[in-house]
Amino acid sequence: MQKFTQINSLVAPLDRANVDTDAIIPKQFLKSIKRSGFGPNAFDEWRYLDHGEPGMDNSKRKINPDFVLNQPRYQGASILLTRENFGCGSSREHAPWALEDYGFRAIIAPSYADIFYNNCFKNGMLPIVLSAEIVDALFKAVDGSVGYQLIIDLEKQTVITPDGNVYGFEVDAFRKHCLLNGLDDIGLTLQQMDAIKAFEVKHKAAQPWLFN
Amino acid sequence: MTAKTLYDKLFDSHVVREENGTALLYIDRHLVHEVTSPQAFEGLRLAGRKPWRVSTIVATADHNTPTDHWDMGLDGITDPVARLQIETLDTNIREFGAKAYFPFMDARQGIVHVIGPEQGATLPGMTVVCGDSHTSTHGAFGALAHGIGTSEVEHVLATQCLVQKKSKTMQVLVDGKLGNGVTAKDLALAIIGKTGTAGGNGYAIEFAGSAIRALSMEGRMTLCNMAIEAGARAGLIAVDDTTTEYLKDRPYAPDASQWDAAVAYWQTLKSDNGAKFDANVVICAENIQPQVTWGTSPEMVVGIDGRVPDPEKESDLTKRSGMKRALQYMGLQANTPINQISIDKVFIGSCTNSRIEDLRAAANIAKGKHIASNVKLALVVPGSGLVKAQAEQEGLDRIFIEAGFEWREPGCSMCLAMNADRLEAGERCASTSNRNFEGRQGQGGRTHLVSPEMAVAAAIAGHFVDVRGLF
Ligand code: SF4
């Protein structure tokens, strides 16, 4: 997994609440058996004017000039700013895979759907929760200034604006540790092998039918 | 001893280790399907790892499988990418193993959340996971069940554990009696209409009260299935006689030698008197009408007597723009009475409403009637091969076919339109599934979520109609 320490990047605004995982990556792309290559189809139905299917040459497709992420001023952004309950709907990890492959490393929103939030951390992506008021202020600032950038510092748990405002954010200590060090948590869990085996002995004694 | 909630009991009894509020939680049942597992098995293979406990795995193919032309076998799958995914599951299960595998076209194949309970593979007191958000369904059995992402699928395969923080708890108390023609689906939609799709974020919801006790297991599964649409990863219902009666003699349920001990334990799986929840919601069952969604989120819902709401009356600006966008996508005008909205297609199926009881209730309305001439396609897709066989034995298939419905093979089908069953742009559908997001049933398709009875009533009338008038 890619480490996440600090980024200094352009911010792309997606001014919608309840953006669901079907919108982030439509289901026809879920047929892939790979983990990568979903970026060109992130937000496919909003981003292109035609209907996308796996295997198409996306560079030849008609893009939707009205979709905000297609605007030249937001190209290269690795911070996505959006509204509440981002990532609701299905558990598909293809959603963070698509966002990450597109180039996003961090998301800022007032809230996220639980499974999506969890999935982000497994993929080196940082979902930041800031209050609805701060998010609102950031939307205005991004809109008002071309090239608007934010600095995100995971170690210090801060978002810093160009005019020097510093917003703190919460992140679970274990997740932070994994993200800062790019750790795969399967390896970490397997260090607990003896504890898992001991639990199984106890569990089997209590509910033997679970071990049929 | 302090009074504990059902959630606490289930969580605490599976903690392998806990540190700073983060627990390593042991997983008893791992349900696997073709869409979210290939990358996880690939990860195992690359790391040279093996599944920790193969006997916890129950696998099937459901999302991509076609619902017709089964006589052609795999060749009936016209989409090569879908076919590859189904074949990849075969390869992975053959290589790594499973307790039970119901491949494409097996007599017991079906939607993963239908077959788990049907096989007795979902039991009270278990932790159940699946790379699918509607895993919340299994909470109907007093199991702690939730959806996980593919990295977590790999994590559970390799370690039999998940890294978890405890959720907050919410009790949704529903007392009273649901009216005739008002179903668990209407209850679920009414709850989401009240709490919002983010209302359950961070919570495990326990459904309780006399109206819940009165529900069949099928109804309870419908309700817990939709808990995720309220934002909750897990829905829960305490164990009672309805639960144990449903499970008795199922293939993977404990046999006679273990049954009494199991039932004795299962009966402890309820919240203690006086247990405190972090949030409480109270609903009166009598007040609930048959529900119809009008927008692109399950919370955008009204009773059948209602009208499409007017965004101009909404004071919250983000909500107002969301409503406007939804109306535009749905091709609806504010203030239109719901029963004047006509439909093009009907879908009866999905892990929410494709069990035998759903099909019986739907057939009961369809009997002796015919779908309206403006309805282009009305599909009935049973949740599993066994549901299909049972329905055919009861003659339900004949009732549907005579009424103009198509009777299909089991699978997810038009719930998410990964196979050939889908809406075309602009088509309007009465659907018994669980999500009405933009493009969910096909790009540009317009989904209205309803109960099976309401879907049949709409198919016959050609527009939404109050099913209570048809009893
Ligand atoms: S029926 Fe629909 S919601 Fe249920 S598992 Fe299949 S695709 Fe998901």
# chains A, B, ... in the order shown; residues from 1 in each chain; ligands from 1

$ residues_around --residues "Ile33 in chain A" --least-positions-apart "2" --cutoff "9 Å" --atoms "only C-alpha atoms" --output "list in words"
Leu30, Lys31 and Arg35 of chain A; Val35, Thr36, Ser37, Pro38, Gln39, Glu42, Val81, Leu84, Gln85 and Thr88 of chain B

$ residues_near_ligand --ligand "ligand 1" --cutoff "9 Å" --atoms "only C-alpha atoms and all ligand atoms" --output "ChimeraX atom specification"
/A:90 /B:62-64,111-114,132-135,225,349-354,383,411-418,433-435

$ residues_around --residues "Gly200 in chain B" --least-positions-apart "2" --cutoff "10 Å" --atoms "only C-alpha atoms" --output "MDAnalysis selection string"
(chainID A and resid 113:114) or (chainID B and resid 168:170 192 195:198 202:205 227:235 279)

$ write_last_selection --atoms "C-alpha atoms" --output "CSV table (one decimal), in the first residue's frame"
chain,number,residue,atom,x,y,z
A,113,ALA,CA,-20.9,6.1,4.3
A,114,ASP,CA,-19.2,3.6,6.7
B,168,LYS,CA,-23.0,2.9,18.2
B,169,THR,CA,-26.3,1.3,18.7
B,170,MET,CA,-29.8,2.5,17.6
B,192,ILE,CA,-35.6,5.4,5.9
B,195,THR,CA,-34.2,8.7,9.5
B,196,GLY,CA,-32.7,9.6,6.1
B,197,THR,CA,-30.1,7.5,4.2
B,198,ALA,CA,-27.3,8.8,6.4
B,202,GLY,CA,-22.0,4.7,12.4
B,203,TYR,CA,-24.8,2.7,14.0
B,204,ALA,CA,-25.9,-0.9,14.2
B,205,ILE,CA,-29.7,-0.8,14.2
B,227,ALA,CA,-30.8,-1.3,7.1
B,228,ILE,CA,-27.8,-0.4,4.9
B,229,GLU,CA,-30.0,2.0,3.0
B,230,ALA,CA,-30.5,3.8,6.2
B,231,GLY,CA,-26.7,4.1,6.5
B,232,ALA,CA,-26.3,1.3,9.1
B,233,ARG,CA,-23.8,-1.4,8.3
B,234,ALA,CA,-25.8,-3.9,10.4
B,235,GLY,CA,-29.4,-4.5,11.2
B,279,ALA,CA,-30.2,6.6,19.7

$ residues_around --residues "Ile115 in chain A" --least-positions-apart "2" --cutoff "12 Å" --atoms "only C-alpha atoms" --output "PyMOL selection string"
(chain A and resi 20-21+85-93+95-96+112-113+117-122+127) or (chain B and resi 130-135+146-152+164+201-203+228+231-234)

$ select_by_dssp --residues "range 353-464 of chain B" --states "strand (DSSP E)" --output "ChimeraX atom specification"
/B:377-380,406-407,428-431,446-449

$ write_last_selection --atoms "all heavy atoms" --output "CSV table (one decimal), in the first residue's frame"
chain,number,residue,atom,x,y,z
B,377,LEU,N,-42.5,-4.8,-20.0
B,377,LEU,CA,-41.9,-6.0,-19.5
B,377,LEU,C,-42.1,-6.1,-18.0
B,377,LEU,O,-42.0,-5.1,-17.3
B,377,LEU,CB,-40.4,-5.9,-19.8
B,377,LEU,CG,-39.5,-7.1,-19.2
B,377,LEU,CD1,-39.7,-8.4,-20.0
B,377,LEU,CD2,-38.0,-6.7,-19.3
B,378,ALA,N,-42.5,-7.3,-17.6
B,378,ALA,CA,-42.7,-7.5,-16.1
B,378,ALA,C,-42.0,-8.8,-15.8
B,378,ALA,O,-42.3,-9.9,-16.3
B,378,ALA,CB,-44.2,-7.6,-15.8
B,379,LEU,N,-40.9,-8.7,-15.0
B,379,LEU,CA,-40.1,-9.8,-14.7
B,379,LEU,C,-40.3,-10.3,-13.3
B,379,LEU,O,-40.4,-9.5,-12.4
B,379,LEU,CB,-38.6,-9.4,-14.7
B,379,LEU,CG,-37.9,-9.2,-16.0
B,379,LEU,CD1,-36.4,-8.8,-15.7
B,379,LEU,CD2,-38.0,-10.4,-16.9
B,380,VAL,N,-40.4,-11.6,-13.1
B,380,VAL,CA,-40.3,-12.2,-11.8
B,380,VAL,C,-39.0,-13.1,-11.8
B,380,VAL,O,-38.9,-14.0,-12.5
B,380,VAL,CB,-41.5,-13.1,-11.5
B,380,VAL,CG1,-41.5,-13.5,-10.0
B,380,VAL,CG2,-42.8,-12.3,-11.7
B,406,GLU,N,-42.9,-12.4,-17.1
B,406,GLU,CA,-41.9,-13.4,-17.5
B,406,GLU,C,-41.4,-14.1,-16.2
B,406,GLU,O,-41.1,-13.4,-15.2
B,406,GLU,CB,-40.8,-12.8,-18.3
B,406,GLU,CG,-41.3,-12.3,-19.6
B,406,GLU,CD,-40.1,-11.9,-20.5
B,406,GLU,OE1,-38.9,-12.3,-20.2
B,406,GLU,OE2,-40.4,-11.2,-21.5
B,407,TRP,N,-41.2,-15.4,-16.3
B,407,TRP,CA,-40.7,-16.2,-15.1
B,407,TRP,C,-39.3,-16.6,-15.4
B,407,TRP,O,-39.0,-17.3,-16.4
B,407,TRP,CB,-41.6,-17.4,-15.0
B,407,TRP,CG,-41.3,-18.3,-13.9
B,407,TRP,CD1,-40.9,-19.6,-14.0
B,407,TRP,CD2,-41.4,-18.1,-12.5
B,407,TRP,NE1,-40.7,-20.2,-12.8
B,407,TRP,CE2,-41.0,-19.3,-11.8
B,407,TRP,CE3,-41.8,-17.0,-11.7
B,407,TRP,CZ2,-41.0,-19.4,-10.4
B,407,TRP,CZ3,-41.8,-17.1,-10.3
B,407,TRP,CH2,-41.4,-18.3,-9.7
B,428,ARG,N,-39.4,3.8,-16.9
B,428,ARG,CA,-39.8,3.9,-15.6
B,428,ARG,C,-40.2,2.5,-15.0
B,428,ARG,O,-40.9,1.8,-15.7
B,428,ARG,CB,-41.0,4.9,-15.5
B,428,ARG,CG,-41.3,5.3,-14.1
B,428,ARG,CD,-42.5,6.3,-14.1
B,428,ARG,NE,-42.2,7.6,-14.8
B,428,ARG,CZ,-41.4,8.5,-14.2
B,428,ARG,NH1,-40.8,8.3,-13.1
B,428,ARG,NH2,-41.1,9.6,-14.9
B,429,CYS,N,-39.7,2.2,-13.9
B,429,CYS,CA,-39.8,0.8,-13.4
B,429,CYS,C,-40.4,0.8,-11.9
B,429,CYS,O,-39.9,1.6,-11.1
B,429,CYS,CB,-38.5,0.1,-13.4
B,429,CYS,SG,-38.5,-1.6,-12.8
B,430,ALA,N,-41.4,-0.1,-11.7
B,430,ALA,CA,-41.8,-0.4,-10.3
B,430,ALA,C,-40.9,-1.6,-9.9
B,430,ALA,O,-41.0,-2.6,-10.5
B,430,ALA,CB,-43.2,-0.7,-10.3
B,431,SER,N,-40.1,-1.4,-8.9
B,431,SER,CA,-39.1,-2.4,-8.6
B,431,SER,C,-39.1,-2.8,-7.1
B,431,SER,O,-39.2,-1.9,-6.3
B,431,SER,CB,-37.7,-1.9,-9.0
B,431,SER,OG,-36.7,-2.8,-8.6
B,446,ARG,N,-35.3,4.8,-14.6
B,446,ARG,CA,-35.9,5.5,-13.5
B,446,ARG,C,-36.6,4.4,-12.6
B,446,ARG,O,-37.6,3.8,-13.0
B,446,ARG,CB,-37.0,6.5,-14.0
B,446,ARG,CG,-36.3,7.6,-14.8
B,446,ARG,CD,-37.3,8.4,-15.6
B,446,ARG,NE,-36.7,9.5,-16.2
B,446,ARG,CZ,-37.2,10.2,-17.2
B,446,ARG,NH1,-38.4,9.9,-17.7
B,446,ARG,NH2,-36.6,11.3,-17.7
B,447,THR,N,-36.1,4.3,-11.4
B,447,THR,CA,-36.6,3.3,-10.5
B,447,THR,C,-37.5,3.8,-9.4
B,447,THR,O,-37.1,4.8,-8.7
B,447,THR,CB,-35.3,2.6,-9.8
B,447,THR,OG1,-34.5,2.1,-10.8
B,447,THR,CG2,-35.8,1.5,-8.9
B,448,HIS,N,-38.6,3.2,-9.2
B,448,HIS,CA,-39.4,3.5,-8.0
B,448,HIS,C,-39.5,2.2,-7.1
B,448,HIS,O,-39.9,1.1,-7.6
B,448,HIS,CB,-40.9,3.8,-8.4
B,448,HIS,CG,-41.0,5.1,-9.2
B,448,HIS,ND1,-41.2,6.3,-8.7
B,448,HIS,CD2,-40.8,5.3,-10.6
B,448,HIS,CE1,-41.2,7.2,-9.6
B,448,HIS,NE2,-41.0,6.6,-10.8
B,449,LEU,N,-39.0,2.3,-5.9
B,449,LEU,CA,-39.0,1.2,-5.0
B,449,LEU,C,-40.3,1.0,-4.3
B,449,LEU,O,-40.9,1.9,-3.8
B,449,LEU,CB,-37.9,1.4,-3.9
B,449,LEU,CG,-36.5,1.6,-4.4
B,449,LEU,CD1,-35.6,1.9,-3.2
B,449,LEU,CD2,-36.0,0.5,-5.2

$ closest_residue --among "B:Asn339, B:Gln443, B:Thr60, B:Thr183" --to "His463 in chain B" --atoms "only C-alpha atoms"
B:Asn339

$ residues_around --residues "Lys324 in chain B" --least-positions-apart "5" --cutoff "10 Å" --atoms "only C-alpha atoms" --output "NGL selection string"
:B and (295 or 310-312 or 319 or 329-330 or 332-334)

$ residues_around --residues "Leu130 in chain A" --least-positions-apart "4" --cutoff "12 Å" --atoms "only C-alpha atoms" --output "PyMOL selection string"
chain A and resi 81-84+107-112+134-138+157-159+166-171

$ atom_distance --atom1 "CA of Ala205 in chain A" --atom2 "CA of Asp8 in chain B"
20.5 Å

$ closest_residue --among "A:Asp143, A:Asp185, A:Glu133, A:Asp101" --to "chain B" --atoms "only C-alpha atoms"
A:Asp185

$ atom_distance --atom1 "CA of Arg49 in chain B" --atom2 "CA of Gly124 in chain A"
22.1 Å

$ closest_residue --among "A:Leu10, A:Ile25, A:Ile186, A:Ala206" --to "chain B" --atoms "only C-alpha atoms"
A:Ile186

$ residues_around --residues "Leu396 in chain B" --least-positions-apart "6" --cutoff "9 Å" --atoms "only C-alpha atoms" --output "VMD selection string"
chain B and resid 359 to 360 363 to 364 367 390

$ write_last_selection --atoms "N, CA, C and O atoms" --output "PDB file, in the first residue's frame"
ATOM      1  N   LEU B 359     -43.076 -14.001  -3.305  1.00  0.00           N
ATOM      2  CA  LEU B 359     -43.687 -14.460  -4.555  1.00  0.00           C
ATOM      3  C   LEU B 359     -45.135 -14.886  -4.335  1.00  0.00           C
ATOM      4  O   LEU B 359     -46.003 -14.649  -5.183  1.00  0.00           O
ATOM      5  N   ARG B 360     -45.390 -15.493  -3.178  1.00  0.00           N
ATOM      6  CA  ARG B 360     -46.788 -15.859  -2.874  1.00  0.00           C
ATOM      7  C   ARG B 360     -47.660 -14.617  -2.792  1.00  0.00           C
ATOM      8  O   ARG B 360     -48.762 -14.574  -3.344  1.00  0.00           O
ATOM      9  N   ALA B 363     -48.153 -13.194  -6.264  1.00  0.00           N
ATOM     10  CA  ALA B 363     -49.042 -14.034  -7.073  1.00  0.00           C
ATOM     11  C   ALA B 363     -50.493 -13.863  -6.634  1.00  0.00           C
ATOM     12  O   ALA B 363     -51.423 -13.889  -7.452  1.00  0.00           O
ATOM     13  N   ASN B 364     -50.676 -13.661  -5.360  1.00  0.00           N
ATOM     14  CA  ASN B 364     -52.015 -13.482  -4.815  1.00  0.00           C
ATOM     15  C   ASN B 364     -52.718 -12.273  -5.453  1.00  0.00           C
ATOM     16  O   ASN B 364     -53.925 -12.292  -5.696  1.00  0.00           O
ATOM     17  N   LYS B 367     -53.222 -13.030  -9.533  1.00  0.00           N
ATOM     18  CA  LYS B 367     -54.103 -14.130  -9.916  1.00  0.00           C
ATOM     19  C   LYS B 367     -55.330 -13.665 -10.698  1.00  0.00           C
ATOM     20  O   LYS B 367     -56.089 -12.801 -10.242  1.00  0.00           O
ATOM     21  N   GLN B 390     -39.844 -24.317  -5.408  1.00  0.00           N
ATOM     22  CA  GLN B 390     -40.973 -24.279  -4.478  1.00  0.00           C
ATOM     23  C   GLN B 390     -42.165 -23.543  -5.111  1.00  0.00           C
ATOM     24  O   GLN B 390     -43.304 -23.999  -5.057  1.00  0.00           O
TER      25      GLN B 390
END

$ decode --residues "range 31-167 of chain A" --atoms "C-alpha atoms" --output "PDB file, in the first residue's frame"
ATOM      1  CA  LYS A  31     -16.786  -7.233 -14.064  1.00  0.00           C
ATOM      2  CA  SER A  32     -13.043  -6.766 -14.120  1.00  0.00           C
ATOM      3  CA  ILE A  33     -11.053  -9.246 -12.088  1.00  0.00           C
ATOM      4  CA  LYS A  34      -8.230  -6.741 -11.590  1.00  0.00           C
ATOM      5  CA  ARG A  35      -7.669  -4.058  -8.972  1.00  0.00           C
ATOM      6  CA  SER A  36      -6.340  -1.330 -11.219  1.00  0.00           C
ATOM      7  CA  GLY A  37      -7.386   0.587 -14.302  1.00  0.00           C
ATOM      8  CA  PHE A  38     -10.708   1.929 -13.002  1.00  0.00           C
ATOM      9  CA  GLY A  39      -9.645   5.605 -13.082  1.00  0.00           C
ATOM     10  CA  PRO A  40     -10.748   6.422 -16.640  1.00  0.00           C
ATOM     11  CA  ASN A  41     -14.250   5.242 -15.696  1.00  0.00           C
ATOM     12  CA  ALA A  42     -14.571   7.071 -12.365  1.00  0.00           C
ATOM     13  CA  PHE A  43     -17.903   8.972 -12.464  1.00  0.00           C
ATOM     14  CA  ASP A  44     -18.404   7.506 -15.956  1.00  0.00           C
ATOM     15  CA  GLU A  45     -22.072   8.412 -16.393  1.00  0.00           C
ATOM     16  CA  TRP A  46     -21.494  12.046 -15.429  1.00  0.00           C
ATOM     17  CA  ARG A  47     -18.163  12.413 -17.097  1.00  0.00           C
ATOM     18  CA  TYR A  48     -18.924  11.210 -20.619  1.00  0.00           C
ATOM     19  CA  LEU A  49     -21.854  11.880 -22.902  1.00  0.00           C
ATOM     20  CA  ASP A  50     -22.044   8.333 -24.252  1.00  0.00           C
ATOM     21  CA  HIS A  51     -22.637   5.077 -22.432  1.00  0.00           C
ATOM     22  CA  GLY A  52     -19.413   3.480 -21.230  1.00  0.00           C
ATOM     23  CA  GLU A  53     -18.603  -0.210 -21.349  1.00  0.00           C
ATOM     24  CA  PRO A  54     -15.442  -2.043 -20.310  1.00  0.00           C
ATOM     25  CA  GLY A  55     -12.830  -2.244 -23.042  1.00  0.00           C
ATOM     26  CA  MET A  56     -13.776   0.999 -24.789  1.00  0.00           C
ATOM     27  CA  ASP A  57     -11.049   3.456 -25.753  1.00  0.00           C
ATOM     28  CA  ASN A  58     -11.953   6.219 -23.307  1.00  0.00           C
ATOM     29  CA  SER A  59      -9.715   8.768 -25.013  1.00  0.00           C
ATOM     30  CA  LYS A  60     -12.043   8.616 -28.047  1.00  0.00           C
ATOM     31  CA  ARG A  61     -15.240   9.180 -26.072  1.00  0.00           C
ATOM     32  CA  LYS A  62     -17.202  12.431 -25.920  1.00  0.00           C
ATOM     33  CA  ILE A  63     -16.667  14.113 -22.600  1.00  0.00           C
ATOM     34  CA  ASN A  64     -19.375  16.075 -20.822  1.00  0.00           C
ATOM     35  CA  PRO A  65     -18.078  19.643 -20.647  1.00  0.00           C
ATOM     36  CA  ASP A  66     -20.614  20.483 -17.917  1.00  0.00           C
ATOM     37  CA  PHE A  67     -19.246  17.957 -15.455  1.00  0.00           C
ATOM     38  CA  VAL A  68     -17.111  19.809 -12.975  1.00  0.00           C
ATOM     39  CA  LEU A  69     -14.143  17.421 -12.939  1.00  0.00           C
ATOM     40  CA  ASN A  70     -13.781  17.906 -16.693  1.00  0.00           C
ATOM     41  CA  GLN A  71     -13.015  21.597 -16.311  1.00  0.00           C
ATOM     42  CA  PRO A  72      -9.402  22.419 -17.159  1.00  0.00           C
ATOM     43  CA  ARG A  73      -8.914  24.287 -13.882  1.00  0.00           C
ATOM     44  CA  TYR A  74      -9.351  21.097 -11.841  1.00  0.00           C
ATOM     45  CA  GLN A  75      -7.060  18.813 -13.845  1.00  0.00           C
ATOM     46  CA  GLY A  76      -4.409  17.157 -11.709  1.00  0.00           C
ATOM     47  CA  ALA A  77      -6.298  17.662  -8.433  1.00  0.00           C
ATOM     48  CA  SER A  78      -5.589  15.009  -5.848  1.00  0.00           C
ATOM     49  CA  ILE A  79      -7.988  16.353  -3.226  1.00  0.00           C
ATOM     50  CA  LEU A  80     -11.729  15.878  -3.742  1.00  0.00           C
ATOM     51  CA  LEU A  81     -14.056  18.214  -1.868  1.00  0.00           C
ATOM     52  CA  THR A  82     -17.636  17.020  -1.561  1.00  0.00           C
ATOM     53  CA  ARG A  83     -20.802  16.967   0.563  1.00  0.00           C
ATOM     54  CA  GLU A  84     -22.300  14.687   3.183  1.00  0.00           C
ATOM     55  CA  ASN A  85     -22.743  10.908   3.046  1.00  0.00           C
ATOM     56  CA  PHE A  86     -20.195  10.493   0.262  1.00  0.00           C
ATOM     57  CA  GLY A  87     -19.757   6.897  -0.951  1.00  0.00           C
ATOM     58  CA  CYS A  88     -23.143   5.585   0.126  1.00  0.00           C
ATOM     59  CA  GLY A  89     -24.587   2.457  -1.428  1.00  0.00           C
ATOM     60  CA  SER A  90     -22.712  -0.686  -2.295  1.00  0.00           C
ATOM     61  CA  SER A  91     -19.594  -2.020  -0.581  1.00  0.00           C
ATOM     62  CA  ARG A  92     -17.663  -2.157  -3.861  1.00  0.00           C
ATOM     63  CA  GLU A  93     -14.030  -1.348  -3.212  1.00  0.00           C
ATOM     64  CA  HIS A  94     -13.896  -0.495  -6.888  1.00  0.00           C
ATOM     65  CA  ALA A  95     -15.080   2.971  -5.772  1.00  0.00           C
ATOM     66  CA  PRO A  96     -11.905   3.893  -3.873  1.00  0.00           C
ATOM     67  CA  TRP A  97      -9.862   2.015  -6.490  1.00  0.00           C
ATOM     68  CA  ALA A  98     -11.395   4.233  -9.178  1.00  0.00           C
ATOM     69  CA  LEU A  99     -10.850   7.446  -7.211  1.00  0.00           C
ATOM     70  CA  GLU A 100      -7.293   6.487  -6.405  1.00  0.00           C
ATOM     71  CA  ASP A 101      -6.562   5.464  -9.979  1.00  0.00           C
ATOM     72  CA  TYR A 102      -8.040   8.780 -11.144  1.00  0.00           C
ATOM     73  CA  GLY A 103      -5.471  10.527  -8.969  1.00  0.00           C
ATOM     74  CA  PHE A 104      -7.238  11.391  -5.731  1.00  0.00           C
ATOM     75  CA  ARG A 105      -5.313  10.789  -2.506  1.00  0.00           C
ATOM     76  CA  ALA A 106      -7.618  12.574  -0.071  1.00  0.00           C
ATOM     77  CA  ILE A 107     -11.292  13.441   0.213  1.00  0.00           C
ATOM     78  CA  ILE A 108     -12.852  16.164   2.338  1.00  0.00           C
ATOM     79  CA  ALA A 109     -16.537  15.931   3.265  1.00  0.00           C
ATOM     80  CA  PRO A 110     -18.803  16.422   6.287  1.00  0.00           C
ATOM     81  CA  SER A 111     -19.553  12.663   6.422  1.00  0.00           C
ATOM     82  CA  TYR A 112     -19.087   9.350   4.602  1.00  0.00           C
ATOM     83  CA  ALA A 113     -20.886   6.068   4.340  1.00  0.00           C
ATOM     84  CA  ASP A 114     -19.224   3.619   6.741  1.00  0.00           C
ATOM     85  CA  ILE A 115     -18.056   0.907   4.354  1.00  0.00           C
ATOM     86  CA  PHE A 116     -16.659   3.374   1.838  1.00  0.00           C
ATOM     87  CA  TYR A 117     -14.826   5.232   4.617  1.00  0.00           C
ATOM     88  CA  ASN A 118     -13.237   1.996   5.728  1.00  0.00           C
ATOM     89  CA  ASN A 119     -12.314   0.978   2.196  1.00  0.00           C
ATOM     90  CA  CYS A 120     -10.428   4.246   1.603  1.00  0.00           C
ATOM     91  CA  PHE A 121      -7.863   3.476   4.297  1.00  0.00           C
ATOM     92  CA  LYS A 122      -7.163   0.070   2.766  1.00  0.00           C
ATOM     93  CA  ASN A 123      -6.054   1.823  -0.378  1.00  0.00           C
ATOM     94  CA  GLY A 124      -3.787   4.554   0.860  1.00  0.00           C
ATOM     95  CA  MET A 125      -6.486   7.189   0.578  1.00  0.00           C
ATOM     96  CA  LEU A 126      -7.394   9.578   3.381  1.00  0.00           C
ATOM     97  CA  PRO A 127     -11.068  10.499   3.915  1.00  0.00           C
ATOM     98  CA  ILE A 128     -11.184  13.647   6.060  1.00  0.00           C
ATOM     99  CA  VAL A 129     -14.255  14.776   7.972  1.00  0.00           C
ATOM    100  CA  LEU A 130     -14.650  18.537   8.437  1.00  0.00           C
ATOM    101  CA  SER A 131     -17.779  20.292   9.647  1.00  0.00           C
ATOM    102  CA  ALA A 132     -20.478  21.260   7.134  1.00  0.00           C
ATOM    103  CA  GLU A 133     -19.655  24.952   7.742  1.00  0.00           C
ATOM    104  CA  ILE A 134     -15.951  24.522   6.982  1.00  0.00           C
ATOM    105  CA  VAL A 135     -16.749  22.412   3.920  1.00  0.00           C
ATOM    106  CA  ASP A 136     -19.121  25.125   2.772  1.00  0.00           C
ATOM    107  CA  ALA A 137     -16.433  27.774   3.225  1.00  0.00           C
ATOM    108  CA  LEU A 138     -13.964  25.623   1.275  1.00  0.00           C
ATOM    109  CA  PHE A 139     -16.438  25.254  -1.606  1.00  0.00           C
ATOM    110  CA  LYS A 140     -16.698  29.035  -1.807  1.00  0.00           C
ATOM    111  CA  ALA A 141     -12.931  29.456  -1.640  1.00  0.00           C
ATOM    112  CA  VAL A 142     -12.289  26.854  -4.356  1.00  0.00           C
ATOM    113  CA  ASP A 143     -14.912  28.403  -6.586  1.00  0.00           C
ATOM    114  CA  GLY A 144     -13.504  31.887  -6.053  1.00  0.00           C
ATOM    115  CA  SER A 145      -9.894  31.183  -6.837  1.00  0.00           C
ATOM    116  CA  VAL A 146      -8.469  29.273  -9.775  1.00  0.00           C
ATOM    117  CA  GLY A 147      -5.575  27.054  -8.706  1.00  0.00           C
ATOM    118  CA  TYR A 148      -6.798  26.797  -5.113  1.00  0.00           C
ATOM    119  CA  GLN A 149      -4.618  24.375  -3.162  1.00  0.00           C
ATOM    120  CA  LEU A 150      -4.707  22.798   0.273  1.00  0.00           C
ATOM    121  CA  ILE A 151      -1.981  21.200   2.351  1.00  0.00           C
ATOM    122  CA  ILE A 152      -2.986  18.032   4.161  1.00  0.00           C
ATOM    123  CA  ASP A 153      -0.668  16.798   6.885  1.00  0.00           C
ATOM    124  CA  LEU A 154      -1.632  13.402   8.272  1.00  0.00           C
ATOM    125  CA  GLU A 155       1.053  13.344  10.989  1.00  0.00           C
ATOM    126  CA  LYS A 156      -0.252  16.612  12.439  1.00  0.00           C
ATOM    127  CA  GLN A 157      -3.884  15.872  11.397  1.00  0.00           C
ATOM    128  CA  THR A 158      -4.340  19.275   9.798  1.00  0.00           C
ATOM    129  CA  VAL A 159      -5.712  20.846   6.637  1.00  0.00           C
ATOM    130  CA  ILE A 160      -4.042  24.173   5.869  1.00  0.00           C
ATOM    131  CA  THR A 161      -5.557  26.770   3.535  1.00  0.00           C
ATOM    132  CA  PRO A 162      -3.552  29.222   1.394  1.00  0.00           C
ATOM    133  CA  ASP A 163      -4.526  32.082   3.716  1.00  0.00           C
ATOM    134  CA  GLY A 164      -3.173  30.229   6.712  1.00  0.00           C
ATOM    135  CA  ASN A 165      -6.304  28.761   8.308  1.00  0.00           C
ATOM    136  CA  VAL A 166      -5.564  25.446   9.994  1.00  0.00           C
ATOM    137  CA  TYR A 167      -8.346  22.925  10.438  1.00  0.00           C
TER     138      TYR A 167
END
